[in-house]
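Asks: Questions regarding the structure given below will be posed in turn.
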Amino acid sequence: MKILVCVKPMNLGEEVKLSPFDLYAIEVALKVKDKTNGEVTALAMGEDKAKEIILESMSIGVDKGFLLNNKKFEKSDIIAKTKVLGDAIKKVGDFDLIVTGRDLDGGSLNVILEGLGKELGYEKIHNVLDVEDIEENSICVNRRISDKVEKLKINGRACISVLKSDLMPRFPNYLDLVRSENYEVQTIDLNDIDDEKIGIRGSKVIKRGTYKYVSKEKVIDFNSLSGDKGGEVWEGDLEDLSERLKEKLKSLKAF
Amino acid sequence: MDNIAILLQVVDREIDSLSLEALNKALVLGKAMNKKVTGVLMGSHLKEAREEALRLGLDEIYVYEHKNFDDIIVEDIEKVLEGFYEEKKPEVIIAPSNDEYNIISAGLATKIDAGIITDVCEIILNENNLLVVTRRANQSEVIEEFLCKGISTMVLTIKKTGEIKAIENSEKKTESIDVNIFKPEENKNITLLESKKVKVDVPLEEAEIVVIAGNGFKEKKDLEIAKNLALELGGKFGVSRPLVLLGYAEHKYQVGITGVEIAPKILITLGVSGAMQFLAGIEKAKTVISVNTDKDAPIFKRADIGIVGDIYEVIPRVIELVKGEK
């Protein structure tokens with residue numbers, strides 16, 4: 001299978017590293033590669049120094065990678081950005097499986113995955129924990145939605161998002177490390193992109209600012225707190241009280 | 001574009017509490033924008049939820065009830081809502097922010113080419129009648145503020161804050177519309193092979209059932225009584241401040257203004273006297289049941305049910321009774 005893994009740079013001072021969440025996405029991609037004699041391509045969005053994370057991905061076993069220079073569409077909203085990402089993926093190659101990690105918050109990642117599915121005409125499956133029963137045209141995934149874990153069989157092309165899980169992401173290995181050292185990462189510029197589709201003009205939502213979160217100073221109304229809420233008071237012998245409490249808990253659906 | 005839609009999630013046949021929070025925001029916005037508010041229910045068994053929805057102050061509800069809902073994956077539910085969108089063309093679609101509804105909302109927004117903001121804390125209508133929306137992603141240190149350009153439908157998913165104002169039993173007449181013809185499509189490319197429930201470890205502040213031990217416990221090992229009750233009810237265990245000072249429990253278990261503030265549906269306090277700083281931390285709890293030997297304990301003023309009894313006797317007996325009924 002041809003697999004694409006989308007990775008996101010994490011700034012650590014001067015250094016740029018793969019996000020720990022992306023390591024799980026890469027692990028899933030590599031598992032599919034191993035079973036299908038496939039190929040994994042990494043795509044990073046970011047500035048020039050984000051090339052570093054392509055090389056880092058390659059040191060773990062990813063075959064090649066591209067950088068999508070994001071200068072031009074920085075001010076786009078998430079839907080417009082996803083369209084650009086979809087265009088970039090089409091330029092990079094033809095893939096059977098697209099994997100993203102959960103570096104972003106869950107809600108934003110849901111939007112990106114749904115958007116990619118639409119742009120590329122792929123199925124999309126969110127919140128994958130692991131892959132198994134990997135074959136040339138199908139894979140099975142375990143994925144978690146709230147308190148449910150589902151096992152799904154996916155036939156055909158799909159994009160999946162991967163959560164942090166019990167998987168053990170692999171470490172860089174010597175051969176791949178050497179290979180990555182001499183690799184020249186190609187940049188995709190998308191200069192031909194229609195300006196109407198990106199930036200503030202191409203977005204439905206404009207970001208006005210970000211603020212540091214400060215939990216609201218709580219105003220405590222002591223009078224209201226200490227006021228009598230007029231509840232019931234139960235008195236009686238042990239058996240009677242216990243039975244009534246059990247019945248009450250039952251009616252509240254506590255068990 | 002004369003309405004706002006609110007997607008209401010049904011869990012165990014009831015409308016989920018987060019959906020009620022989202023509903024609050026929808027009703028406030030409906031009033032500000034002078035738009036009708038339409039509720040949407042989807043699922044396999046909606047009898048009880050429908051009755052509940054009729055009392056919530058909505059203008060109308062659309063009910064999509066079909067047994068197939070149990071077998072389709074969440075990614076395919078957006079298809080159900082496409083028809084709804086075509087008919088109503090809501091200006092804003094509001095939904096709870098959780099795994100299911102973030103996926104459904106993202107799918108819907110993508111499909112109908114709407115704008116979307118997830119994990120919304122606040123929605124304000126500005127002087128130009130445009131929406132100003134703030135979001136805060138999980139555990140994020142930053143709040144982001146957005147201006148919606150007002151050129152398309154906006155989909156907003158609402159983050160949990162625990163603030164549910166009483167909106168039950170509204171006198172408003174709600175029209176109920178059944179969409180019977182609908183049958184959720186099967187997805188030919190994806191097969192659901194297996195589905196099982198797993199235990200998700202929710203933090204104390206998000207737990208629906210909480211059991212709190214207080215000063216009435218004489219020794220550290222006795223806390224097992226409270227822990228066992230929490231376990232039996234599938235709830236979380238916490239303590240009041242004195243027990244942390246005594247070294248019986250770590251600070252992360254402390255409920256109150258100097259510890260964790262909680263908002264459970266059911267709160268059981270055992271041997272808690274009810275100091276002011278504690279009461280402030282349980283302000284948002286829905287039903288409070290308190291067991292204490294002291295009839296004059298301040299906690300009894302706050303409790304919906306105050307049980308005058310010995311925790312060492314009553315609770316082990318209640319655990320036995322609950323076990324017997326399971």
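Lettering and numbering for the structure tokens are positional, with chains as A, B, ... in the shown order, residues counted from 1 in each chain, and ligands counted from 1 in the shown order.
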Using only C-alpha atoms, which chain B residues lie at most 7 Å away from chain A, written as a ChimeraX atom specification?
Replies: /B:99-100,102-103,106-107,110,115,118-119,137-138,141-149,151,189-200,233,279-280,301-308,314,317-318,321-322
Asks: Among range 8-247 of chain A, which residues does DSSP mark as strand (DSSP E) when it is run on the backbone? Keep the chain and numbering as in the structure and answer as number ranges by chain.
Replies: A: 9-12, 15-18, 39-46, 64-69, 97-101, 123-132, 138-145, 148-155, 158-162, 186-188, 205-212, 232-234
Asks: Write out as JSON, numbers by chain the residues lying within 10 Å of Glu27 in chain A, counting only C-alpha atoms and excluding same-chain residues fewer than 4 positions away.
Replies: {"A": [5, 22, 23, 31, 32, 33, 60, 61, 62, 130, 131, 162, 167, 168, 169, 170, 171]}
Asks: Between CA of Gly238 in chain B and CA of Leu267 in chain B, what is the spacing in Å?
Replies: 10.3 Å
Asks: Determine the nearest neighbour of Leu55 in chain A from the options A:Asn69, A:Ser161, A:Asn182, A:Asn137, counting only C-alpha atoms.
Replies: A:Asn182
Asks: Using only C-alpha atoms, determine which residues lie at most 10 Å from Lys252 in chain B, disregarding the query and same-chain residues fewer than 5 positions distant; provide the list as a tab-separated table (two decimals) with all heavy atoms, in the first residue's frame.
Replies:
chain	number	residue	atom	x	y	z
B	204	LEU	N	-12.29	13.49	38.32
B	204	LEU	CA	-13.26	13.79	39.37
B	204	LEU	C	-14.20	14.93	38.96
B	204	LEU	O	-15.42	14.85	39.16
B	204	LEU	CB	-12.48	14.16	40.64
B	204	LEU	CG	-13.22	14.35	41.95
B	204	LEU	CD1	-14.10	13.15	42.26
B	204	LEU	CD2	-12.22	14.58	43.08
B	238	GLY	N	-13.94	11.10	46.36
B	238	GLY	CA	-13.25	12.34	46.74
B	238	GLY	C	-13.31	12.51	48.24
B	238	GLY	O	-13.97	11.74	48.95
B	239	VAL	N	-12.61	13.52	48.75
B	239	VAL	CA	-12.63	13.78	50.20
B	239	VAL	C	-12.80	15.27	50.45
B	239	VAL	O	-12.61	16.09	49.56
B	239	VAL	CB	-11.31	13.32	50.89
B	239	VAL	CG1	-11.11	11.82	50.76
B	239	VAL	CG2	-10.11	14.07	50.32
B	244	VAL	N	-7.52	15.57	53.92
B	244	VAL	CA	-6.23	15.82	53.26
B	244	VAL	C	-5.24	16.34	54.30
B	244	VAL	O	-4.09	15.92	54.34
B	244	VAL	CB	-6.40	16.84	52.10
B	244	VAL	CG1	-5.04	17.18	51.48
B	244	VAL	CG2	-7.34	16.28	51.05
B	259	GLY	N	-9.74	22.92	46.24
B	259	GLY	CA	-9.40	21.67	45.56
B	259	GLY	C	-10.13	21.62	44.23
B	259	GLY	O	-10.09	22.56	43.46
B	260	VAL	N	-10.80	20.51	43.99
B	260	VAL	CA	-11.53	20.33	42.74
B	260	VAL	C	-12.96	20.81	42.91
B	260	VAL	O	-13.59	20.53	43.93
B	260	VAL	CB	-11.53	18.82	42.37
B	260	VAL	CG1	-12.30	18.59	41.08
B	260	VAL	CG2	-10.13	18.29	42.26
Asks: Enter the distance from CA of Glu325 in chain B to CA of Glu52 in chain B, in Å, rounded to one decimal.
Replies: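 CA of Glu325 in chain B sits 27.8 Å away from CA of Glu52 in chain B.
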